[in-house]
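Q: As input, take target.cif (mmCIF, C-alpha atoms):
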```cif
data_structure
loop_
_atom_site.group_PDB
_atom_site.id
_atom_site.type_symbol
_atom_site.label_atom_id
_atom_site.label_comp_id
_atom_site.auth_asym_id
_atom_site.auth_seq_id
_atom_site.Cartn_x
_atom_site.Cartn_y
_atom_site.Cartn_z
ATOM 1 C CA MET J 28 47.168 -74.385 -12.031
ATOM 2 C CA PRO J 29 50.725 -73.096 -12.445
ATOM 3 C CA PRO J 30 52.307 -71.502 -9.387
ATOM 4 C CA ARG J 31 52.053 -67.666 -9.140
ATOM 5 C CA ASP J 32 55.152 -65.543 -9.542
ATOM 6 C CA PRO J 33 55.746 -63.543 -6.328
ATOM 7 C CA ARG J 34 57.391 -60.769 -8.281
ATOM 8 C CA SER J 35 54.276 -60.109 -10.310
ATOM 9 C CA PHE J 36 52.223 -59.861 -7.103
ATOM 10 C CA LEU J 37 54.670 -57.429 -5.580
ATOM 11 C CA GLY J 38 54.612 -55.369 -8.759
ATOM 12 C CA ARG J 39 50.883 -55.082 -8.693
ATOM 13 C CA PHE J 40 51.005 -54.130 -5.005
ATOM 14 C CA ARG J 41 53.496 -51.404 -5.675
ATOM 15 C CA VAL J 42 51.321 -49.998 -8.467
ATOM 16 C CA GLY J 43 48.128 -50.106 -6.365
ATOM 17 C CA GLY J 44 49.880 -48.689 -3.336
ATOM 18 C CA GLY J 45 51.261 -45.827 -5.400
ATOM 19 C CA LEU J 46 47.791 -44.970 -6.634
ATOM 20 C CA ILE J 47 46.406 -45.017 -3.113
ATOM 21 C CA VAL J 48 49.204 -42.796 -1.837
ATOM 22 C CA ALA J 49 48.664 -40.367 -4.694
ATOM 23 C CA LEU J 50 44.935 -40.310 -4.002
ATOM 24 C CA ILE J 51 45.563 -39.663 -0.321
ATOM 25 C CA VAL J 52 47.929 -36.816 -1.145
ATOM 26 C CA VAL J 53 45.369 -35.249 -3.494
ATOM 27 C CA VAL J 54 42.639 -35.499 -0.873
ATOM 28 C CA LEU J 55 44.908 -33.986 1.769
ATOM 29 C CA LEU J 56 45.855 -31.137 -0.537
ATOM 30 C CA LEU J 57 42.238 -30.434 -1.442
ATOM 31 C CA ASN J 58 41.236 -30.361 2.202
ATOM 32 C CA SER J 59 44.126 -28.162 3.236
ATOM 33 C CA VAL J 60 43.464 -25.339 0.768
ATOM 34 C CA PHE J 61 40.432 -23.061 0.594
ATOM 35 C CA VAL J 62 39.624 -19.814 -1.223
ATOM 36 C CA ILE J 63 37.858 -16.743 0.171
ATOM 37 C CA SER J 64 35.876 -14.773 -2.444
ATOM 38 C CA PRO J 65 35.770 -10.941 -2.530
ATOM 39 C CA SER J 66 32.223 -10.879 -1.128
ATOM 40 C CA GLU J 67 33.007 -12.744 2.100
ATOM 41 C CA GLU J 68 35.372 -13.177 5.018
ATOM 42 C CA ALA J 69 35.983 -16.278 7.120
ATOM 43 C CA GLY J 70 37.345 -17.855 10.271
ATOM 44 C CA THR J 71 38.429 -21.403 11.198
ATOM 45 C CA ARG J 72 37.719 -23.688 14.151
ATOM 46 C CA TRP J 73 39.743 -26.622 15.469
ATOM 47 C CA LEU J 74 37.629 -29.785 15.395
ATOM 48 C CA GLY J 75 34.500 -27.610 15.168
ATOM 49 C CA GLY J 76 35.177 -26.013 18.540
ATOM 50 C CA THR J 77 37.961 -23.570 19.354
ATOM 51 C CA PRO J 78 38.358 -20.673 16.909
ATOM 52 C CA MET J 79 41.795 -20.754 15.267
ATOM 53 C CA THR J 80 41.726 -17.186 13.929
ATOM 54 C CA SER J 81 41.591 -13.942 15.874
ATOM 55 C CA VAL J 82 40.999 -11.760 12.811
ATOM 56 C CA PRO J 83 38.864 -12.659 9.792
ATOM 57 C CA LEU J 84 40.477 -14.190 6.725
ATOM 58 C CA THR J 85 40.002 -12.023 3.641
ATOM 59 C CA THR J 86 40.029 -12.584 -0.124
ATOM 60 C CA GLY J 87 42.575 -15.095 -1.403
ATOM 61 C CA VAL J 88 43.939 -18.650 -0.939
ATOM 62 C CA HIS J 89 44.390 -19.962 2.609
ATOM 63 C CA PHE J 90 45.551 -23.212 4.231
ATOM 64 C CA LYS J 91 44.154 -25.305 7.048
ATOM 65 C CA VAL J 92 44.823 -28.635 8.698
ATOM 66 C CA PRO J 93 42.848 -31.236 6.742
ATOM 67 C CA PHE J 94 39.922 -32.829 8.571
ATOM 68 C CA PHE J 95 40.759 -30.933 11.754
ATOM 69 C CA GLU J 96 39.899 -27.350 10.890
ATOM 70 C CA THR J 97 36.455 -26.153 9.828
ATOM 71 C CA VAL J 98 36.020 -23.014 7.717
ATOM 72 C CA ASP J 99 33.162 -20.629 8.580
ATOM 73 C CA ARG J 100 32.278 -18.053 5.925
ATOM 74 C CA LEU J 101 30.275 -14.848 6.343
ATOM 75 C CA GLN J 102 29.048 -12.591 3.541
ATOM 76 C CA THR J 103 30.415 -9.081 3.982
ATOM 77 C CA SER J 104 29.034 -7.536 0.795
ATOM 78 C CA ARG J 105 25.682 -5.798 0.909
ATOM 79 C CA SER J 106 22.871 -8.203 1.725
ATOM 80 C CA VAL J 107 19.119 -7.813 1.277
ATOM 81 C CA TYR J 108 16.870 -9.247 3.944
ATOM 82 C CA THR J 109 13.117 -9.239 3.241
ATOM 83 C CA LEU J 110 10.642 -9.599 6.047
ATOM 84 C CA ASN J 111 7.121 -10.332 4.778
ATOM 85 C CA GLY J 112 3.857 -10.562 6.679
ATOM 86 C CA LEU J 113 4.918 -8.723 9.832
ATOM 87 C CA ASP J 114 1.914 -7.766 11.990
ATOM 88 C CA VAL J 115 2.157 -4.402 13.743
ATOM 89 C CA TYR J 116 -0.349 -2.312 15.682
ATOM 90 C CA THR J 117 -1.091 1.394 15.458
ATOM 91 C CA ASN J 118 -1.877 3.719 18.339
ATOM 92 C CA ASP J 119 -5.618 3.170 17.758
ATOM 93 C CA ASN J 120 -5.165 -0.621 18.210
ATOM 94 C CA GLN J 121 -5.608 -1.506 14.547
ATOM 95 C CA LYS J 122 -3.602 -4.416 13.151
ATOM 96 C CA VAL J 123 -1.620 -3.715 9.996
ATOM 97 C CA THR J 124 0.489 -6.241 8.098
ATOM 98 C CA ILE J 125 3.651 -4.851 6.523
ATOM 99 C CA ASP J 126 6.482 -6.031 4.284
ATOM 100 C CA LEU J 127 9.982 -4.724 4.968
ATOM 101 C CA SER J 128 13.180 -4.784 2.967
ATOM 102 C CA LEU J 129 16.461 -4.341 4.873
ATOM 103 C CA ILE J 130 19.759 -3.683 3.120
ATOM 104 C CA TYR J 131 22.730 -4.134 5.433
ATOM 105 C CA GLN J 132 26.459 -4.790 5.353
ATOM 106 C CA ILE J 133 28.716 -6.536 7.845
ATOM 107 C CA PRO J 134 32.068 -4.772 8.403
ATOM 108 C CA SER J 135 35.280 -6.723 9.095
ATOM 109 C CA SER J 136 35.215 -5.624 12.717
ATOM 110 C CA ALA J 137 31.934 -7.515 13.242
ATOM 111 C CA VAL J 138 32.809 -10.790 11.470
ATOM 112 C CA MET J 139 34.421 -12.685 14.369
ATOM 113 C CA ASN J 140 31.738 -11.547 16.805
ATOM 114 C CA LEU J 141 28.906 -12.711 14.545
ATOM 115 C CA LEU J 142 30.632 -16.004 13.673
ATOM 116 C CA TYR J 143 31.560 -17.157 17.157
ATOM 117 C CA HIS J 144 29.934 -15.015 19.836
ATOM 118 C CA ILE J 145 26.313 -14.626 18.712
ATOM 119 C CA GLY J 146 24.014 -17.589 18.223
ATOM 120 C CA ARG J 147 25.493 -20.826 16.952
ATOM 121 C CA ALA J 148 29.004 -20.877 15.524
ATOM 122 C CA GLY J 149 29.074 -19.927 11.859
ATOM 123 C CA SER J 150 26.811 -17.765 9.743
ATOM 124 C CA MET J 151 23.591 -19.741 10.035
ATOM 125 C CA ASP J 152 22.086 -17.515 12.754
ATOM 126 C CA VAL J 153 22.833 -14.084 11.333
ATOM 127 C CA GLU J 154 19.347 -13.377 9.918
ATOM 128 C CA THR J 155 17.707 -15.066 12.890
ATOM 129 C CA THR J 156 19.657 -12.692 15.121
ATOM 130 C CA ILE J 157 18.658 -9.621 13.136
ATOM 131 C CA LEU J 158 14.948 -10.516 12.841
ATOM 132 C CA PRO J 159 13.854 -9.786 16.452
ATOM 133 C CA VAL J 160 15.499 -6.361 16.375
ATOM 134 C CA VAL J 161 13.841 -5.426 13.082
ATOM 135 C CA ARG J 162 10.443 -6.620 14.304
ATOM 136 C CA ASP J 163 10.707 -4.723 17.593
ATOM 137 C CA ARG J 164 11.708 -1.432 15.996
ATOM 138 C CA ALA J 165 8.980 -1.733 13.357
ATOM 139 C CA LEU J 166 6.376 -2.300 16.064
ATOM 140 C CA ALA J 167 7.640 0.720 18.000
ATOM 141 C CA ALA J 168 7.542 2.951 14.919
ATOM 142 C CA PHE J 169 3.977 2.072 13.911
ATOM 143 C CA ALA J 170 2.716 2.422 17.491
ATOM 144 C CA GLN J 171 3.262 6.185 17.182
ATOM 145 C CA TYR J 172 0.852 6.685 14.274
ATOM 146 C CA ASN J 173 -2.863 6.431 13.608
ATOM 147 C CA THR J 174 -4.150 3.952 11.063
ATOM 148 C CA LEU J 175 -5.892 6.626 9.010
ATOM 149 C CA THR J 176 -2.652 8.629 8.647
ATOM 150 C CA ILE J 177 -0.301 5.771 7.702
ATOM 151 C CA SER J 178 -0.580 6.359 3.976
ATOM 152 C CA ASP J 179 0.033 10.086 4.312
ATOM 153 C CA GLN J 180 2.918 9.632 6.769
ATOM 154 C CA ARG J 181 4.537 6.638 5.100
ATOM 155 C CA ALA J 182 7.784 8.523 4.487
ATOM 156 C CA GLN J 183 8.028 9.587 8.150
ATOM 157 C CA ILE J 184 7.351 6.038 9.351
ATOM 158 C CA THR J 185 10.004 4.609 7.025
ATOM 159 C CA ALA J 186 12.551 7.205 8.161
ATOM 160 C CA GLN J 187 11.771 6.443 11.801
ATOM 161 C CA MET J 188 12.207 2.696 11.292
ATOM 162 C CA ARG J 189 15.428 3.232 9.333
ATOM 163 C CA LYS J 190 16.912 5.269 12.179
ATOM 164 C CA ASP J 191 15.761 2.943 14.966
ATOM 165 C CA ILE J 192 16.832 -0.273 13.211
ATOM 166 C CA SER J 193 20.168 1.218 12.181
ATOM 167 C CA ASP J 194 20.952 2.427 15.699
ATOM 168 C CA ALA J 195 19.987 -0.911 17.272
ATOM 169 C CA LEU J 196 21.926 -3.155 14.851
ATOM 170 C CA GLN J 197 24.969 -0.922 15.073
ATOM 171 C CA ARG J 198 24.897 -0.906 18.848
ATOM 172 C CA LEU J 199 24.156 -4.602 19.342
ATOM 173 C CA PHE J 200 26.026 -6.290 16.481
ATOM 174 C CA ASN J 201 28.106 -3.558 14.804
ATOM 175 C CA VAL J 202 26.139 -4.131 11.589
ATOM 176 C CA ASP J 203 25.803 -1.237 9.144
ATOM 177 C CA VAL J 204 22.273 -0.617 7.854
ATOM 178 C CA ILE J 205 22.279 0.842 4.338
ATOM 179 C CA ASP J 206 18.543 1.282 3.863
ATOM 180 C CA VAL J 207 15.133 0.198 5.120
ATOM 181 C CA GLN J 208 12.152 0.214 2.764
ATOM 182 C CA LEU J 209 8.482 -0.208 3.620
ATOM 183 C CA ILE J 210 7.501 -2.171 0.517
ATOM 184 C CA GLY J 211 3.983 -3.215 1.520
ATOM 185 C CA ILE J 212 1.130 -2.139 3.811
ATOM 186 C CA HIS J 213 -1.881 -4.442 4.144
ATOM 187 C CA TYR J 214 -4.928 -3.417 6.167
ATOM 188 C CA SER J 215 -7.439 -5.778 7.679
ATOM 189 C CA PRO J 216 -10.583 -6.544 5.629
ATOM 190 C CA ILE J 217 -12.782 -4.853 8.248
ATOM 191 C CA PHE J 218 -10.708 -1.685 8.094
ATOM 192 C CA ASP J 219 -10.743 -1.698 4.295
ATOM 193 C CA GLN J 220 -14.538 -1.998 4.380
ATOM 194 C CA SER J 221 -14.845 0.871 6.857
ATOM 195 C CA ILE J 222 -12.615 3.034 4.663
ATOM 196 C CA GLU J 223 -14.771 2.283 1.624
ATOM 197 C CA GLU J 224 -17.910 3.169 3.561
ATOM 198 C CA ALA J 225 -16.324 6.388 4.817
ATOM 199 C CA VAL J 226 -15.279 7.349 1.300
ATOM 200 C CA ARG J 227 -18.774 6.584 0.010
ATOM 201 C CA ALA J 228 -20.348 8.679 2.779
ATOM 202 C CA LYS J 229 -17.952 11.531 2.060
ATOM 203 C CA ASN J 230 -18.817 11.424 -1.627
ATOM 204 C CA LEU J 231 -22.523 11.500 -0.812
ATOM 205 C CA ALA J 232 -21.970 14.440 1.528
ATOM 206 C CA VAL J 233 -20.068 16.317 -1.163
ATOM 207 C CA GLN J 234 -22.837 15.550 -3.642
ATOM 208 C CA ALA J 235 -25.438 16.847 -1.173
ATOM 209 C CA GLU J 236 -23.400 20.003 -0.596
ATOM 210 C CA ASN J 237 -23.181 20.537 -4.333
ATOM 211 C CA THR J 238 -26.948 20.097 -4.639
ATOM 212 C CA VAL J 239 -27.555 22.619 -1.841
ATOM 213 C CA ALA J 240 -25.143 25.052 -3.450
ATOM 214 C CA GLN J 241 -26.901 24.638 -6.780
ATOM 215 C CA LYS J 242 -30.322 25.206 -5.212
ATOM 216 C CA ARG J 243 -28.987 28.240 -3.356
ATOM 217 C CA TYR J 244 -27.572 29.624 -6.586
ATOM 218 C CA GLU J 245 -30.855 29.052 -8.397
ATOM 219 C CA GLY J 246 -32.731 30.753 -5.554
ATOM 220 C CA GLU J 247 -30.373 33.715 -5.647
ATOM 221 C CA GLN J 248 -30.808 33.930 -9.401
ATOM 222 C CA LYS J 249 -34.597 33.972 -8.997
ATOM 223 C CA THR J 250 -34.314 36.640 -6.297
ATOM 224 C CA VAL J 251 -32.118 38.766 -8.514
ATOM 225 C CA THR J 252 -34.507 38.304 -11.441
ATOM 226 C CA ALA J 253 -37.538 39.149 -9.312
ATOM 227 C CA HIS J 254 -35.795 42.214 -7.902
ATOM 228 C CA ALA J 255 -34.873 43.339 -11.398
ATOM 229 C CA GLU J 256 -38.425 42.806 -12.634
ATOM 230 C CA ALA J 257 -39.809 44.676 -9.626
ATOM 231 C CA SER J 258 -37.402 47.527 -10.189
ATOM 232 C CA ALA J 259 -38.361 47.643 -13.856
ATOM 233 C CA ALA J 260 -42.060 47.688 -12.949
ATOM 234 C CA VAL J 261 -41.487 50.524 -10.472
ATOM 235 C CA GLU J 262 -39.539 52.468 -13.026
ATOM 236 C CA ARG J 263 -42.251 51.843 -15.613
ATOM 237 C CA ALA J 264 -44.970 52.942 -13.203
ATOM 238 C CA ASN J 265 -42.981 56.029 -12.260
ATOM 239 C CA GLY J 266 -42.588 56.835 -15.938
ATOM 240 C CA GLU J 267 -46.296 56.412 -16.601
ATOM 241 C CA ALA J 268 -47.188 58.500 -13.547
ATOM 242 C CA GLN J 269 -44.836 61.241 -14.576
ATOM 243 C CA ALA J 270 -46.269 61.143 -18.097
ATOM 244 C CA THR J 271 -49.799 61.425 -16.702
ATOM 245 C CA VAL J 272 -48.790 64.341 -14.491
ATOM 246 C CA LEU J 273 -47.131 66.082 -17.368
ATOM 247 C CA GLN J 274 -50.186 65.476 -19.576
ATOM 248 C CA ALA J 275 -52.522 66.780 -16.877
ATOM 249 C CA GLN J 276 -50.307 69.800 -16.340
ATOM 250 C CA ALA J 277 -50.304 70.444 -20.080
ATOM 251 C CA GLN J 278 -54.120 70.192 -20.255
ATOM 252 C CA ALA J 279 -54.506 72.462 -17.247
ATOM 253 C CA LYS J 280 -52.128 74.933 -18.787
ATOM 254 C CA ALA J 281 -54.121 74.817 -22.038
ATOM 255 C CA ILE J 282 -57.454 75.330 -20.230
ATOM 256 C CA GLU J 283 -55.957 78.184 -18.261
ATOM 257 C CA THR J 284 -54.701 79.763 -21.448
ATOM 258 C CA VAL J 285 -58.086 79.415 -23.201
ATOM 259 C CA GLY J 286 -59.922 80.768 -20.153
ATOM 260 C CA GLN J 287 -57.599 83.726 -19.943
ATOM 261 C CA ALA J 288 -58.122 84.404 -23.660
ATOM 262 C CA LEU J 289 -61.911 84.269 -23.255
ATOM 263 C CA LYS J 290 -61.696 86.545 -20.288
ATOM 264 C CA ASN J 291 -59.605 89.103 -22.078
ATOM 265 C CA ASN J 292 -61.471 88.893 -25.414
ATOM 266 C CA PRO J 293 -65.098 87.695 -25.391
ATOM 267 C CA GLU J 294 -65.095 87.379 -29.159
ATOM 268 C CA TYR J 295 -62.483 84.637 -28.794
ATOM 269 C CA SER J 296 -65.254 82.211 -27.894
ATOM 270 C CA ARG J 297 -66.739 82.631 -31.353
ATOM 271 C CA PHE J 298 -63.367 81.963 -32.960
ATOM 272 C CA TYR J 299 -62.772 78.968 -30.658
ATOM 273 C CA GLY J 300 -66.180 77.544 -31.538
ATOM 274 C CA LEU J 301 -65.645 77.911 -35.272
ATOM 275 C CA GLN J 302 -62.221 76.392 -34.975
ATOM 276 C CA HIS J 303 -63.532 73.280 -33.229
ATOM 277 C CA TRP J 304 -66.988 73.006 -34.987
ATOM 278 C CA ASN J 305 -67.432 69.983 -37.244
ATOM 279 C CA GLY J 306 -69.937 71.768 -39.535
ATOM 280 C CA ILE J 307 -73.048 69.884 -38.326
ATOM 281 C CA LEU J 308 -75.832 71.775 -36.586
ATOM 282 C CA PRO J 309 -77.502 70.175 -33.575
ATOM 283 C CA GLN J 310 -80.524 68.022 -34.545
ATOM 284 C CA VAL J 311 -82.380 68.815 -31.305
ATOM 285 C CA VAL J 312 -82.392 72.162 -29.629
ATOM 286 C CA GLY J 313 -84.153 72.610 -26.347
ATOM 287 C CA ALA J 314 -86.568 75.362 -25.527
ATOM 288 C CA GLY J 315 -84.879 78.587 -24.865
ATOM 289 C CA SER J 316 -81.690 77.325 -26.298
ATOM 290 C CA ILE J 317 -79.596 79.754 -28.124
ATOM 291 C CA PRO J 318 -77.187 78.480 -30.777
ATOM 292 C CA MET J 319 -73.645 79.021 -29.816
ATOM 293 C CA ILE J 320 -72.782 80.280 -33.278
ATOM 294 C CA ASP J 321 -74.466 83.233 -34.984
ATOM 295 C CA LEU J 322 -74.455 82.199 -38.641
ATOM 296 C CA SER J 323 -75.748 85.558 -39.862
ATOM 297 C CA LYS J 324 -72.769 87.230 -38.406
ATOM 298 C CA GLY J 325 -70.616 84.642 -39.993
ATOM 299 C CA GLN J 326 -72.236 85.267 -43.376
ATOM 300 C CA GLU J 327 -71.849 88.987 -42.973
ATOM 301 C CA GLY J 328 -68.320 88.499 -42.130
ATOM 302 C CA GLY J 329 -67.972 86.376 -45.248
ATOM 303 C CA LYS J 330 -69.479 89.145 -47.393
#
```
What would you get if you wrote out this structure as structure tokens?
A:
Amino acid sequence: MPPRDPRSFLGRFRVGGGLIVALIVVVLLLNSVFVISPSEEAGTRWLGGTPMTSVPLTTGVHFKVPFFETVDRLQTSRSVYTLNGLDVYTNDNQKVTIDLSLIYQIPSSAVMNLLYHIGRAGSMDVETTILPVVRDRALAAFAQYNTLTISDQRAQITAQMRKDISDALQRLFNVDVIDVQLIGIHYSPIFDQSIEEAVRAKNLAVQAENTVAQKRYEGEQKTVTAHAEASAAVERANGEAQATVLQAQAQAKAIETVGQALKNNPEYSRFYGLQHWNGILPQVVGAGSIPMIDLSKGQEGGK
């Protein structure tokens, strides 16, 4: 094989070395620059230990020592934390499972404290730190209410939890609570069954009351009808009695008038007899009987 030219070897070394140096420079530049977005703030630590910043770094481009400084970011825009399946107990010792939604925001004044003085360094323990406070205040709020009144007093319970959680997170971690929503209430199967039975019993009671009211109404209607019929019968009887009295009085008056006429004029009896005679003589006349009408006198009168 022909001998190698040392100059060609050196040339290749220079080219390879230049590429390596350029690569190293690019890597160093990439690791020395970082960008903070508008929704977060950050701090840096030296070799993962000592914090290098006393105030949080805000939106923009920042520099750090490559491989020696670590960047810790924390979201400062509004965050939503959902807590599902939290078991709480009411003042009548009934277990209720709830779902909570917490909207909070971390101000700049709380960033360094949350990054380096609470839990592990960085933002990995923020929600873990908030969870016990939210759970405790939710338990305290529900312990003031009865299970049967939770649905009716849901707004009051939510307002109470919002106030308690907000006060606690502000006092302990300087975190601003925007809103707390009670997004789910789940009762135990036994309680649900008891509620269904109570509702069924209430419906039956209402139905029974309606039946009693209907029967009472029907009875009152019958009483009113019977009273009306009785009143009508009394009125009818009174009318008939009065008619009888009037008829009897009229007959008595007529008899009295006829008697008075006979008394004053004996001949009136003959006129009365002719007026009421049907023209037929009696077929049988007893011994000693004297006809009431003297026909001869009548004939003479006719002549």
Q: What does the PyMOL selection byres ((chain J and resi 134) around 10) select in this file, as a list in words?
A: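 Checked against the file, the PyMOL selection byres ((chain J and resi 134) around 10) matches Glu68, Gln102, Thr103, Ser104, Arg105, Tyr131, Gln132, Ile133, Ser135, Ser136, Ala137, Val138, Asn201, Val202 and Asp203 of chain J.
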Q: Grab the residues selected above and save them as a JSON list (two decimals), in the frame of the given file with C-alpha atoms.
A:
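Final output, saved to again-v4.json:
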```json
[["chain", "number", "residue", "atom", "x", "y", "z"],
["J", 68, "GLU", "CA", 35.37, -13.18, 5.02],
["J", 102, "GLN", "CA", 29.05, -12.59, 3.54],
["J", 103, "THR", "CA", 30.42, -9.08, 3.98],
["J", 104, "SER", "CA", 29.03, -7.54, 0.80],
["J", 105, "ARG", "CA", 25.68, -5.80, 0.91],
["J", 131, "TYR", "CA", 22.73, -4.13, 5.43],
["J", 132, "GLN", "CA", 26.46, -4.79, 5.35],
["J", 133, "ILE", "CA", 28.72, -6.54, 7.84],
["J", 135, "SER", "CA", 35.28, -6.72, 9.10],
["J", 136, "SER", "CA", 35.22, -5.62, 12.72],
["J", 137, "ALA", "CA", 31.93, -7.52, 13.24],
["J", 138, "VAL", "CA", 32.81, -10.79, 11.47],
["J", 201, "ASN", "CA", 28.11, -3.56, 14.80],
["J", 202, "VAL", "CA", 26.14, -4.13, 11.59],
["J", 203, "ASP", "CA", 25.80, -1.24, 9.14]]
```
Q: Can you list, as a list in words, every protein, DNA or RNA residue that comes within 8 Å of stretch 147-154 of chain J when you count only C-alpha atoms, leaving out same-chain residues fewer than 5 positions away?
A: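 Here the answer would be Asp99, Arg100, Leu101, Tyr108, Leu141 and Leu142 of chain J.
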Q: Work out how far apart atom CA of J:Ile47 and atom CA of J:Phe95 are and give it in Å to one decimal.
A: 21.2 Å
Q: Selection in question (the file shown): the PyMOL selection byres ((chain J and resi 57) around 12). Which residues does it include, as a count of residues only?
A: 19
Q: Give me the residues near J:Met139 as a ChimeraX atom specification, where near means some atom within 9 Å (using all atoms listed in the file) and where sequence neighbours in that chain fewer than 5 positions away do not count.
A: /J:69-70,80-83,144
Q: Between atom CA of J:Gly75 and atom CA of J:Ile63, what is the distance in Å, rounded to a tenth?
A: 18.8 Å
Q: If I take atom CA of J:Tyr214 and atom CA of J:Leu166, how far is one from the other in Å, to one decimal?
A: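 Calculated distance between atom CA of J:Tyr214 and atom CA of J:Leu166 is 15.1 Å.
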Q: So, with all atoms listed in the file as the atoms that count, which of J:Gln269, J:Thr86, J:Gln234, J:Thr97 lies closest to J:Arg72?
A: J:Thr97
Q: Return as lines of an AutoDock Vina configuration file the box centre and box size in Å, one decimal, for an axis-aligned box around all listed atoms of stretch 225-235 of chain J padded by 8 Å per side.
A:
```
center_x = -20.4
center_y = 11.6
center_z = 0.6
size_x = 26.2
size_y = 26.5
size_z = 24.5
```
Q: May I ask which of the residues J:Leu175, J:Tyr143, J:Leu209, J:Leu129 is the closest one to J:Ser193, counting all atoms listed in the file?
A: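 That would be J:Leu129, the residue with the smallest distance to J:Ser193.
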Q: Quick one: of J:Lys280, J:Leu273, J:Ala165, J:Phe200, who's nearest to J:Ile184, counting only C-alpha atoms?
A: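 For J:Ile184, the nearest of the given residues is J:Ala165.
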Q: Which residues are close to stretch 121-128 of chain J, i.e. within 8 Å by all atoms listed in the file, leaving aside same-chain residues fewer than 3 positions away? Reply as a CSV table (one decimal) with C-alpha atoms, in the frame of the given file.
A:
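Okay, around_24.csv is ready:
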```
chain,number,residue,atom,x,y,z
J,107,VAL,CA,19.1,-7.8,1.3
J,108,TYR,CA,16.9,-9.2,3.9
J,109,THR,CA,13.1,-9.2,3.2
J,110,LEU,CA,10.6,-9.6,6.0
J,111,ASN,CA,7.1,-10.3,4.8
J,112,GLY,CA,3.9,-10.6,6.7
J,113,LEU,CA,4.9,-8.7,9.8
J,114,ASP,CA,1.9,-7.8,12.0
J,115,VAL,CA,2.2,-4.4,13.7
J,116,TYR,CA,-0.3,-2.3,15.7
J,117,THR,CA,-1.1,1.4,15.5
J,118,ASN,CA,-1.9,3.7,18.3
J,174,THR,CA,-4.2,4.0,11.1
J,207,VAL,CA,15.1,0.2,5.1
J,208,GLN,CA,12.2,0.2,2.8
J,209,LEU,CA,8.5,-0.2,3.6
J,210,ILE,CA,7.5,-2.2,0.5
J,211,GLY,CA,4.0,-3.2,1.5
J,212,ILE,CA,1.1,-2.1,3.8
J,213,HIS,CA,-1.9,-4.4,4.1
J,214,TYR,CA,-4.9,-3.4,6.2
J,215,SER,CA,-7.4,-5.8,7.7
```
Q: Excluding J:Lys190 and residues on its chain fewer than 4 positions from it, collect all residues at most 12 Å away from it, counting only C-alpha atoms, and give them as a compact mmCIF listing (two decimals) with C-alpha atoms, in the coordinates of the input.
A:
```txt
# COMPACT_ATOMS: atom_id res chain seq x y z
CA VAL J 161 13.84 -5.43 13.08
CA ARG J 164 11.71 -1.43 16.00
CA ALA J 165 8.98 -1.73 13.36
CA ALA J 167 7.64 0.72 18.00
CA ALA J 168 7.54 2.95 14.92
CA GLN J 183 8.03 9.59 8.15
CA ILE J 184 7.35 6.04 9.35
CA THR J 185 10.00 4.61 7.02
CA ALA J 186 12.55 7.20 8.16
CA ASP J 194 20.95 2.43 15.70
CA ALA J 195 19.99 -0.91 17.27
CA LEU J 196 21.93 -3.16 14.85
CA GLN J 197 24.97 -0.92 15.07
CA ASP J 203 25.80 -1.24 9.14
CA VAL J 204 22.27 -0.62 7.85
CA ILE J 205 22.28 0.84 4.34
CA ASP J 206 18.54 1.28 3.86
CA VAL J 207 15.13 0.20 5.12
CA GLN J 208 12.15 0.21 2.76
```
Q: Pick from J:Thr155, J:Lys249, J:Arg227, J:Asn120: nearest to J:Asn173, with only C-alpha atoms counted?
A: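 Using only C-alpha atoms, J:Asn173 sits closest to J:Asn120.
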Q: Using all atoms listed in the file, which residue out of J:Val251, J:Thr176, J:Gly286, J:Ile192 lies closest to J:Arg162?
A: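 For J:Arg162, the nearest of the given residues is J:Ile192.
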